[in-house]
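Colleague: Contents of protein_9.cif (mmCIF, C-alpha atoms) are below:
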data_input
loop_
_atom_site.group_PDB
_atom_site.id
_atom_site.type_symbol
_atom_site.label_atom_id
_atom_site.label_comp_id
_atom_site.auth_asym_id
_atom_site.auth_seq_id
_atom_site.Cartn_x
_atom_site.Cartn_y
_atom_site.Cartn_z
ATOM 1 C CA MET A 18 16.243 -12.099 0.983
ATOM 2 C CA ASN A 19 16.917 -9.284 3.435
ATOM 3 C CA PRO A 20 13.488 -8.464 4.948
ATOM 4 C CA THR A 21 13.948 -4.680 4.817
ATOM 5 C CA LEU A 22 14.948 -4.976 1.154
ATOM 6 C CA ALA A 23 11.830 -7.086 0.597
ATOM 7 C CA GLY A 24 9.731 -4.248 2.032
ATOM 8 C CA PHE A 25 11.429 -1.780 -0.330
ATOM 9 C CA LEU A 26 10.599 -4.024 -3.288
ATOM 10 C CA ALA A 27 6.939 -4.056 -2.223
ATOM 11 C CA ILE A 28 6.973 -0.240 -2.158
ATOM 12 C CA CYS A 29 8.458 -0.193 -5.667
ATOM 13 C CA MET A 30 5.729 -2.557 -6.887
ATOM 14 C CA TRP A 31 3.026 -0.340 -5.391
ATOM 15 C CA ALA A 32 4.499 2.488 -7.454
ATOM 16 C CA LEU A 33 3.240 0.642 -10.557
ATOM 17 C CA LEU A 34 -0.348 0.733 -9.308
ATOM 18 C CA ALA A 35 -1.346 4.019 -10.981
ATOM 19 C CA LEU A 36 0.184 3.094 -14.348
ATOM 20 C CA PHE A 37 -1.393 -0.357 -14.511
ATOM 21 C CA THR A 38 -4.740 0.928 -13.228
ATOM 22 C CA ALA A 39 -4.787 3.639 -15.902
ATOM 23 C CA ALA A 40 -3.943 1.028 -18.541
ATOM 24 C CA SER A 41 -6.722 -1.313 -17.389
ATOM 25 C CA GLY A 42 -9.437 0.828 -18.984
ATOM 26 C CA HIS A 43 -12.780 1.547 -17.373
ATOM 27 C CA VAL A 44 -13.144 -1.518 -15.150
ATOM 28 C CA PRO A 45 -15.009 -0.408 -11.971
ATOM 29 C CA PRO A 46 -12.883 -0.299 -8.776
ATOM 30 C CA PHE A 47 -14.416 -3.195 -6.842
ATOM 31 C CA GLN A 48 -14.553 -5.378 -9.941
ATOM 32 C CA LEU A 49 -10.878 -4.601 -10.551
ATOM 33 C CA LEU A 50 -10.096 -5.479 -6.935
ATOM 34 C CA ALA A 51 -11.938 -8.788 -7.244
ATOM 35 C CA MET A 52 -10.071 -9.696 -10.430
ATOM 36 C CA THR A 53 -6.618 -8.657 -9.247
ATOM 37 C CA PHE A 54 -6.848 -10.079 -5.722
ATOM 38 C CA LEU A 55 -8.003 -13.361 -7.244
ATOM 39 C CA ILE A 56 -4.831 -13.403 -9.340
ATOM 40 C CA GLY A 57 -2.733 -12.412 -6.316
ATOM 41 C CA GLY A 58 -4.279 -15.137 -4.163
ATOM 42 C CA LEU A 59 -3.860 -17.819 -6.812
ATOM 43 C CA LEU A 60 -0.230 -16.723 -7.219
ATOM 44 C CA GLY A 61 0.429 -17.741 -3.626
ATOM 45 C CA VAL A 62 -1.642 -20.931 -3.797
ATOM 46 C CA ALA A 63 0.254 -22.006 -6.938
ATOM 47 C CA SER A 64 3.493 -22.126 -4.921
ATOM 48 C CA TRP A 65 2.129 -24.432 -2.228
ATOM 49 C CA PRO A 66 2.662 -27.785 -4.032
ATOM 50 C CA PHE A 67 6.369 -26.975 -4.416
ATOM 51 C CA ARG A 68 6.986 -26.303 -0.734
ATOM 52 C CA GLU A 69 6.603 -28.584 2.260
ATOM 53 C CA GLY A 70 4.687 -27.873 5.429
ATOM 54 C CA VAL A 71 2.314 -25.231 4.038
ATOM 55 C CA LYS A 72 -0.781 -26.959 5.410
ATOM 56 C CA GLN A 73 0.737 -26.996 8.889
ATOM 57 C CA ARG A 74 1.817 -23.350 8.639
ATOM 58 C CA LEU A 75 -1.745 -22.319 7.783
ATOM 59 C CA LYS A 76 -3.065 -23.585 11.126
ATOM 60 C CA LEU A 77 -3.260 -20.117 12.610
ATOM 61 C CA PRO A 78 -5.348 -18.476 15.363
ATOM 62 C CA ALA A 79 -8.513 -16.630 14.359
ATOM 63 C CA ARG A 80 -6.953 -13.264 15.260
ATOM 64 C CA VAL A 81 -4.330 -13.728 12.526
ATOM 65 C CA TRP A 82 -7.021 -14.238 9.869
ATOM 66 C CA ALA A 83 -9.017 -11.306 11.237
ATOM 67 C CA VAL A 84 -6.016 -8.949 11.068
ATOM 68 C CA GLY A 85 -5.034 -10.026 7.546
ATOM 69 C CA ILE A 86 -8.470 -9.934 5.946
ATOM 70 C CA ALA A 87 -9.493 -6.709 7.693
ATOM 71 C CA GLY A 88 -6.197 -5.137 6.631
ATOM 72 C CA LEU A 89 -6.369 -5.957 2.930
ATOM 73 C CA PHE A 90 -10.099 -5.655 2.326
ATOM 74 C CA GLY A 91 -10.753 -2.921 4.877
ATOM 75 C CA TYR A 92 -8.095 -0.611 3.473
ATOM 76 C CA HIS A 93 -9.271 -0.932 -0.125
ATOM 77 C CA PHE A 94 -12.980 -0.688 0.751
ATOM 78 C CA PHE A 95 -12.498 2.586 2.629
ATOM 79 C CA TYR A 96 -10.018 3.904 0.070
ATOM 80 C CA TYR A 97 -12.528 3.716 -2.782
ATOM 81 C CA THR A 98 -15.298 4.976 -0.517
ATOM 82 C CA ALA A 99 -13.083 7.988 0.236
ATOM 83 C CA LEU A 100 -12.416 8.682 -3.435
ATOM 84 C CA ARG A 101 -16.131 8.594 -4.196
ATOM 85 C CA ASN A 102 -17.019 11.058 -1.440
ATOM 86 C CA ALA A 103 -14.081 13.484 -1.298
ATOM 87 C CA PRO A 104 -11.714 15.114 -3.809
ATOM 88 C CA VAL A 105 -8.833 12.841 -4.792
ATOM 89 C CA ALA A 106 -6.073 15.178 -3.546
ATOM 90 C CA GLU A 107 -7.533 15.629 -0.068
ATOM 91 C CA ALA A 108 -8.491 11.963 0.293
ATOM 92 C CA SER A 109 -5.021 10.855 -0.812
ATOM 93 C CA LEU A 110 -3.280 13.127 1.679
ATOM 94 C CA ILE A 111 -5.357 11.853 4.590
ATOM 95 C CA ALA A 112 -4.973 8.213 3.520
ATOM 96 C CA TYR A 113 -1.207 8.704 3.227
ATOM 97 C CA LEU A 114 -0.917 9.312 6.948
ATOM 98 C CA TRP A 115 -0.374 5.550 7.277
ATOM 99 C CA PRO A 116 3.433 5.578 6.909
ATOM 100 C CA MET A 117 3.659 8.183 9.687
ATOM 101 C CA LEU A 118 1.337 6.106 11.875
ATOM 102 C CA ILE A 119 3.498 3.023 11.283
ATOM 103 C CA VAL A 120 6.642 4.863 12.383
ATOM 104 C CA VAL A 121 5.003 6.278 15.518
ATOM 105 C CA GLY A 122 2.939 3.193 16.369
ATOM 106 C CA SER A 123 5.843 0.777 15.967
ATOM 107 C CA ALA A 124 7.422 2.332 19.062
ATOM 108 C CA LEU A 125 4.819 0.399 21.066
ATOM 109 C CA LEU A 126 6.252 -2.919 19.859
ATOM 110 C CA PRO A 127 8.697 -4.895 22.015
ATOM 111 C CA GLY A 128 12.307 -4.127 21.151
ATOM 112 C CA GLU A 129 11.478 -1.000 19.133
ATOM 113 C CA LYS A 130 12.426 2.539 20.101
ATOM 114 C CA LEU A 131 11.211 5.779 18.548
ATOM 115 C CA ARG A 132 14.055 8.243 17.992
ATOM 116 C CA TRP A 133 13.895 11.894 16.974
ATOM 117 C CA PHE A 134 15.310 11.191 13.525
ATOM 118 C CA HIS A 135 12.458 8.729 12.839
ATOM 119 C CA LEU A 136 9.960 11.536 13.445
ATOM 120 C CA ALA A 137 12.017 14.052 11.471
ATOM 121 C CA GLY A 138 12.323 11.659 8.547
ATOM 122 C CA VAL A 139 8.637 10.803 8.371
ATOM 123 C CA ALA A 140 7.656 14.494 8.670
ATOM 124 C CA CYS A 141 10.024 15.362 5.823
ATOM 125 C CA GLY A 142 8.611 12.547 3.691
ATOM 126 C CA PHE A 143 5.016 13.574 4.356
ATOM 127 C CA THR A 144 5.850 17.162 3.366
ATOM 128 C CA GLY A 145 7.143 15.795 0.067
ATOM 129 C CA VAL A 146 3.886 13.914 -0.496
ATOM 130 C CA VAL A 147 1.897 17.072 0.289
ATOM 131 C CA LEU A 148 3.816 18.852 -2.494
ATOM 132 C CA LEU A 149 3.357 15.901 -4.818
ATOM 133 C CA VAL A 150 -0.408 15.624 -4.322
ATOM 134 C CA THR A 151 -1.296 19.310 -4.083
ATOM 135 C CA GLY A 152 0.840 20.049 -7.130
ATOM 136 C CA LYS A 153 -1.739 18.141 -9.180
ATOM 137 C CA ALA A 154 -4.684 20.160 -7.866
ATOM 138 C CA GLU A 155 -5.482 23.859 -8.094
ATOM 139 C CA SER A 156 -6.387 24.089 -4.429
ATOM 140 C CA LEU A 157 -7.329 22.107 -1.380
ATOM 141 C CA GLY A 158 -10.865 23.207 -0.655
ATOM 142 C CA PHE A 159 -11.939 20.210 1.429
ATOM 143 C CA SER A 160 -15.276 20.214 -0.320
ATOM 144 C CA GLY A 161 -16.043 16.537 0.177
ATOM 145 C CA SER A 162 -18.302 14.903 2.744
ATOM 146 C CA TRP A 163 -17.390 13.717 6.208
ATOM 147 C CA LEU A 164 -17.965 10.185 4.880
ATOM 148 C CA GLY A 165 -15.161 10.729 2.389
ATOM 149 C CA TYR A 166 -12.708 12.201 4.880
ATOM 150 C CA GLY A 167 -13.627 9.670 7.548
ATOM 151 C CA SER A 168 -13.077 6.841 5.090
ATOM 152 C CA ALA A 169 -9.667 8.235 4.116
ATOM 153 C CA LEU A 170 -8.681 8.390 7.785
ATOM 154 C CA ALA A 171 -9.938 4.828 8.207
ATOM 155 C CA CYS A 172 -7.570 3.804 5.389
ATOM 156 C CA ALA A 173 -4.604 5.231 7.241
ATOM 157 C CA LEU A 174 -5.600 3.651 10.535
ATOM 158 C CA ILE A 175 -6.365 0.245 9.027
ATOM 159 C CA TRP A 176 -3.180 -0.151 6.965
ATOM 160 C CA SER A 177 -0.875 1.127 9.699
ATOM 161 C CA SER A 178 -2.596 -1.136 12.249
ATOM 162 C CA TYR A 179 -2.358 -4.096 9.874
ATOM 163 C CA SER A 180 1.373 -3.528 9.354
ATOM 164 C CA ILE A 181 2.126 -3.048 13.061
ATOM 165 C CA LEU A 182 -0.015 -5.994 14.153
ATOM 166 C CA SER A 183 1.643 -8.164 11.499
ATOM 167 C CA ARG A 184 4.948 -7.365 13.215
ATOM 168 C CA SER A 185 3.529 -8.578 16.522
ATOM 169 C CA LEU A 186 2.331 -11.766 14.752
ATOM 170 C CA LYS A 187 5.691 -12.445 13.102
ATOM 171 C CA SER A 188 5.458 -16.180 13.859
ATOM 172 C CA ALA A 189 2.500 -16.419 11.445
ATOM 173 C CA SER A 190 3.545 -17.640 8.003
ATOM 174 C CA SER A 191 3.329 -15.281 5.024
ATOM 175 C CA ASP A 192 1.594 -18.166 3.216
ATOM 176 C CA ALA A 193 -1.571 -16.881 4.897
ATOM 177 C CA VAL A 194 -1.461 -13.811 2.628
ATOM 178 C CA ALA A 195 -2.810 -15.989 -0.200
ATOM 179 C CA ILE A 196 -5.956 -16.612 1.849
ATOM 180 C CA TYR A 197 -6.206 -12.909 2.729
ATOM 181 C CA CYS A 198 -6.149 -12.124 -0.998
ATOM 182 C CA LEU A 199 -8.751 -14.733 -1.949
ATOM 183 C CA VAL A 200 -11.176 -13.623 0.771
ATOM 184 C CA THR A 201 -10.603 -9.979 -0.226
ATOM 185 C CA ALA A 202 -11.396 -10.949 -3.827
ATOM 186 C CA ALA A 203 -14.668 -12.587 -2.716
ATOM 187 C CA LEU A 204 -15.705 -9.598 -0.579
ATOM 188 C CA SER A 205 -14.789 -7.190 -3.397
ATOM 189 C CA LEU A 206 -16.964 -9.212 -5.774
ATOM 190 C CA ILE A 207 -19.912 -8.842 -3.392
ATOM 191 C CA CYS A 208 -19.344 -5.062 -3.261
ATOM 192 C CA HIS A 209 -19.113 -4.968 -7.050
ATOM 193 C CA LEU A 210 -22.408 -6.782 -7.475
ATOM 194 C CA ILE A 211 -24.093 -4.394 -5.019
ATOM 195 C CA PHE A 212 -22.606 -1.054 -6.104
ATOM 196 C CA GLU A 213 -21.333 -1.350 -9.684
ATOM 197 C CA THR A 214 -22.113 -2.368 -13.250
ATOM 198 C CA THR A 215 -19.725 -4.906 -14.776
ATOM 199 C CA VAL A 216 -17.314 -3.562 -17.401
ATOM 200 C CA TRP A 217 -14.712 -5.952 -18.827
ATOM 201 C CA PRO A 218 -11.319 -4.883 -20.231
ATOM 202 C CA ALA A 219 -11.785 -3.839 -23.853
ATOM 203 C CA ASN A 220 -8.638 -5.332 -25.400
ATOM 204 C CA GLY A 221 -5.563 -7.457 -24.837
ATOM 205 C CA MET A 222 -3.479 -4.575 -23.489
ATOM 206 C CA GLN A 223 -6.065 -3.854 -20.805
ATOM 207 C CA TRP A 224 -6.187 -7.529 -19.840
ATOM 208 C CA LEU A 225 -2.383 -7.507 -19.561
ATOM 209 C CA ALA A 226 -2.624 -4.480 -17.252
ATOM 210 C CA VAL A 227 -5.107 -6.354 -15.039
ATOM 211 C CA ALA A 228 -2.773 -9.359 -14.968
ATOM 212 C CA GLY A 229 0.156 -7.067 -14.119
ATOM 213 C CA LEU A 230 -1.792 -5.584 -11.221
ATOM 214 C CA GLY A 231 -2.634 -9.018 -9.849
ATOM 215 C CA LEU A 232 0.912 -10.323 -10.179
ATOM 216 C CA MET A 233 2.759 -7.373 -8.632
ATOM 217 C CA PRO A 234 1.069 -4.398 -6.836
ATOM 218 C CA VAL A 235 -1.955 -6.457 -5.758
ATOM 219 C CA GLY A 236 -0.103 -9.769 -5.561
ATOM 220 C CA LEU A 237 3.563 -10.344 -4.806
ATOM 221 C CA ALA A 238 3.876 -6.947 -3.102
ATOM 222 C CA PHE A 239 1.597 -8.026 -0.240
ATOM 223 C CA TYR A 240 3.585 -11.225 0.366
ATOM 224 C CA ILE A 241 6.933 -9.465 0.592
ATOM 225 C CA TRP A 242 5.511 -6.525 2.573
ATOM 226 C CA ASP A 243 4.232 -9.034 5.117
ATOM 227 C CA TYR A 244 7.720 -10.551 5.330
ATOM 228 C CA GLY A 245 9.346 -7.108 5.481
ATOM 229 C CA VAL A 246 7.269 -5.630 8.320
ATOM 230 C CA LYS A 247 7.539 -8.852 10.328
ATOM 231 C CA HIS A 248 11.295 -9.220 10.162
ATOM 232 C CA GLY A 249 12.799 -5.972 8.793
ATOM 233 C CA ASN A 250 13.282 -2.391 9.979
ATOM 234 C CA ILE A 251 9.633 -1.367 10.261
ATOM 235 C CA GLN A 252 10.343 2.289 11.065
ATOM 236 C CA LEU A 253 12.571 2.707 8.031
ATOM 237 C CA LEU A 254 9.997 0.933 5.855
ATOM 238 C CA GLY A 255 7.276 3.229 7.176
ATOM 239 C CA THR A 256 9.215 6.303 6.088
ATOM 240 C CA ALA A 257 10.337 4.735 2.806
ATOM 241 C CA ALA A 258 6.680 4.092 1.936
ATOM 242 C CA TYR A 259 6.525 7.722 0.803
ATOM 243 C CA LEU A 260 8.721 6.656 -2.111
ATOM 244 C CA ALA A 261 5.740 4.842 -3.663
ATOM 245 C CA PRO A 262 3.775 7.938 -4.815
ATOM 246 C CA LEU A 263 7.055 9.585 -5.840
ATOM 247 C CA ILE A 264 8.211 6.674 -8.016
ATOM 248 C CA SER A 265 4.663 6.340 -9.325
ATOM 249 C CA THR A 266 4.690 9.962 -10.484
ATOM 250 C CA PHE A 267 8.089 9.534 -12.161
ATOM 251 C CA ILE A 268 6.727 6.492 -14.009
ATOM 252 C CA LEU A 269 3.664 8.454 -15.155
ATOM 253 C CA VAL A 270 5.938 11.280 -16.361
ATOM 254 C CA ALA A 271 8.130 8.799 -18.261
ATOM 255 C CA ALA A 272 5.011 7.281 -19.819
ATOM 256 C CA GLY A 273 3.790 10.713 -20.904
ATOM 257 C CA ILE A 274 0.712 10.558 -18.681
ATOM 258 C CA ALA A 275 1.773 13.266 -16.204
ATOM 259 C CA PRO A 276 3.891 16.434 -16.667
ATOM 260 C CA ALA A 277 7.238 17.098 -14.982
ATOM 261 C CA THR A 278 6.917 19.991 -12.504
ATOM 262 C CA TRP A 279 8.986 21.789 -9.890
ATOM 263 C CA GLN A 280 6.755 20.211 -7.233
ATOM 264 C CA LEU A 281 7.909 16.791 -8.424
ATOM 265 C CA ALA A 282 11.571 17.772 -8.088
ATOM 266 C CA ALA A 283 11.022 19.263 -4.630
ATOM 267 C CA ALA A 284 9.026 16.223 -3.510
ATOM 268 C CA ALA A 285 11.813 13.926 -4.727
ATOM 269 C CA LEU A 286 14.349 15.841 -2.641
ATOM 270 C CA LEU A 287 12.178 15.908 0.501
ATOM 271 C CA ILE A 288 11.136 12.247 0.340
ATOM 272 C CA THR A 289 14.682 11.045 -0.308
ATOM 273 C CA LEU A 290 15.984 13.247 2.508
ATOM 274 C CA GLY A 291 13.245 11.892 4.771
ATOM 275 C CA ALA A 292 14.198 8.288 4.066
ATOM 276 C CA LEU A 293 17.882 9.000 4.714
ATOM 277 C CA THR A 294 17.056 10.886 7.912
ATOM 278 C CA ALA A 295 14.862 8.082 9.245
ATOM 279 C CA SER A 296 17.559 5.521 8.513
ATOM 280 C CA GLY A 297 19.968 7.435 10.764
ATOM 281 C CA ARG A 298 22.657 7.393 8.096
ATOM 282 C CA LEU A 299 22.821 11.165 7.923
ATOM 283 C CA PHE A 300 24.014 11.074 11.531
ATOM 284 C CA GLY A 301 26.520 8.265 11.257
ATOM 285 C CA ARG A 302 24.099 5.575 12.422
ATOM 286 C CA ALA A 303 22.874 2.511 10.594
ATOM 287 C CA LEU A 304 19.673 1.194 12.113
#
How does this structure look as structure tokens?

Modeller:
Amino acid sequence: MNPTLAGFLAICMWALLALFTAASGHVPPFQLLAMTFLIGGLLGVASWPFREGVKQRLKLPARVWAVGIAGLFGYHFFYYTALRNAPVAEASLIAYLWPMLIVVGSALLPGEKLRWFHLAGVACGFTGVVLLVTGKAESLGFSGSWLGYGSALACALIWSSYSILSRSLKSASSDAVAIYCLVTAALSLICHLIFETTVWPANGMQWLAVAGLGLMPVGLAFYIWDYGVKHGNIQLLGTAAYLAPLISTFILVAAGIAPATWQLAAAALLITLGALTASGRLFGRAL
């Protein structure tokens, strides 16, 4: 599979996160993370017997494991900490600085060059996300705590760093993502036991939503994102990441969970324009 296309597919899977999470009932966040990352990790482990050389490919330096586990668990830990200590709209906007940080930070990688249309594209995409998020809130009062805003910023820094560092560790096999997921599941379980009260899905539909989360947005998506940022066009993927909240909102509208608004239409135009601009295709260039 084309690695850039693989990254796009991961973005599309992440767009299902809100729908499946809403359908999973009232399962607490860290418990849901533990359940879904367990499924995602076992999904990767289940493929090992059918492929040769996996054991050898998992002999990786400690820094690879540190980057992967810190990336997956660190992002989600700070994301839910942000949501608990700051309004959702503000926390989401700060956390969604990560695509912009990927585009800018990737210029530090060997063989990568930051061009003006990369910056223009990511700025256009972020403007679309601002419209998308603030269109769901009456105002942005920034009434949360510094812990909430700091945690949201940590999300952006951690996920962008994870993606960029994964590019620099491209020789490391994506099979390691299964271990990242399993360790993240274990750490999430510890957080659940400390901070939350256990609530199980109430019916079969909610269990199916949990399974869907573990198989796609919190499972396969991480494997193909790892492959995409290691071998694909990382700057284009960084900008295209703004498609995830856009597609997610369209899905929620189609499901009758969210209303269609002019902000949604404007965000769609800006995010699409941003992706095209960052790709260079608007200027006769294919990156």

Colleague: Could you list, as a PyMOL selection string, every residue matched by the PyMOL selection byres ((chain A and resi 91) around 10) in this structure?

Modeller: chain A and resi 84-90+92-96+171-172+175-176+179+201+204

Colleague: May I ask which of the residues A:Ala261, A:Leu34, A:Leu26, A:Leu253 is the closest one to Val120 (chain A), counting all atoms listed in the file?

Modeller: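 Between A:Ala261, A:Leu34, A:Leu26, A:Leu253, the residue approaching Val120 (chain A) most closely is A:Leu253.
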
Colleague: So what do you get for CA of Ala282 (chain A) versus CA of Ala257 (chain A), distance-wise?

Modeller: 17.0 Å

Colleague: Taking only C-alpha atoms into account, name the residue in A:Phe54, A:Tyr113, A:Phe267, A:Trp163 that is nearest to Arg101 (chain A).

Modeller: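 So, comparing all the options, the nearest one is A:Trp163.
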
Colleague: Please provide the set of residues having any atom within 12 Å of Tyr97 (chain A), restricted to only C-alpha atoms, with same-chain residues fewer than 3 positions apart removed, written as a count of residues only.

Modeller: 32

Colleague: What gap, in Å, lies between CA of Ala35 (chain A) and CA of Ile264 (chain A)?

Modeller: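 Interatomic distance, CA of Ala35 (chain A) to CA of Ile264 (chain A): 10.4 Å.
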
Colleague: Which of these, A:Ala271, A:Ala51, A:Ile181, A:Leu237, has the shortest distance to Leu210 (chain A) once you count all atoms listed in the file?

Modeller: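 Among the listed residues, A:Ala51 lies closest to Leu210 (chain A).
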
Colleague: May I have the residues within 12 Å of Tyr244 (chain A) as a ChimeraX atom specification, using all atoms listed in the file and disregarding those fewer than 6 positions away in the same chain?

Modeller: /A:18-27,180,183-184,186-194,237-238,250-251,254

Colleague: Give as number ranges by chain the residues that the PyMOL selection byres ((chain A and resi 129) around 12) matches when applied to the coordinates above.

Modeller: A: 119-128, 130-132, 135, 181, 184-185, 249-253, 304

Colleague: Counting only C-alpha atoms, which residue out of A:Val147, A:Ala63, A:Leu118, A:Leu290 sits closest to Ala106 (chain A)?

Modeller: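 The shortest atom-to-atom distance to Ala106 (chain A) comes from A:Val147.
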
Colleague: Between A:Leu293, A:Ala39, A:Leu286, A:Val270, single out the one closest to Met222 (chain A), counting all atoms listed in the file.

Modeller: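 Ranked by minimum distance to Met222 (chain A), first place goes to A:Ala39.
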
Colleague: Find the residues near Ile268 (chain A): any atom within 10 Å, counting all atoms listed in the file, skip ones fewer than 4 places away on the same chain, and give them as a short mmCIF file (atom, residue, chain, number, x, y, z; two decimals) with C-alpha atoms, keeping the file's coordinate frame.

Modeller:
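Listed below is the output, part.cif:
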data_model
loop_
_atom_site.label_atom_id
_atom_site.label_comp_id
_atom_site.auth_asym_id
_atom_site.auth_seq_id
_atom_site.Cartn_x
_atom_site.Cartn_y
_atom_site.Cartn_z
CA ALA A 32 4.50 2.49 -7.45
CA LEU A 33 3.24 0.64 -10.56
CA ALA A 35 -1.35 4.02 -10.98
CA LEU A 36 0.18 3.09 -14.35
CA PRO A 262 3.78 7.94 -4.82
CA LEU A 263 7.06 9.59 -5.84
CA ILE A 264 8.21 6.67 -8.02
CA ALA A 272 5.01 7.28 -19.82
CA GLY A 273 3.79 10.71 -20.90
CA ILE A 274 0.71 10.56 -18.68
CA ALA A 275 1.77 13.27 -16.20
#

Colleague: Check which residues satisfy the PyMOL selection byres ((chain A and resi 57) around 10) in the file shown, then give them as a VMD selection string.

Modeller: chain A and resid 51 to 56 58 to 62 194 to 199 202 228 to 240

Colleague: From the options A:Gln73, A:Thr289, A:Ser64, A:Ser41, which residue's atoms come nearest to Ala258 (chain A), counting all atoms listed in the file?

Modeller: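 Checking each candidate against Ala258 (chain A), we get A:Thr289 as the closest.
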
Colleague: If I take CA of Trp279 (chain A) and CA of Leu110 (chain A), how far is one from the other in Å, to one decimal?

Modeller: 19.0 Å

Colleague: Edge lengths and centre in Å to one decimal, as AutoDock Vina command-line options, of the axis-aligned box that encloses all listed atoms of region 251-261 of chain A with 8 Å added on every side?

Modeller:
--center_x 9.2 --center_y 3.2 --center_z 3.7 --size_x 22.8 --size_y 25.1 --size_z 30.7
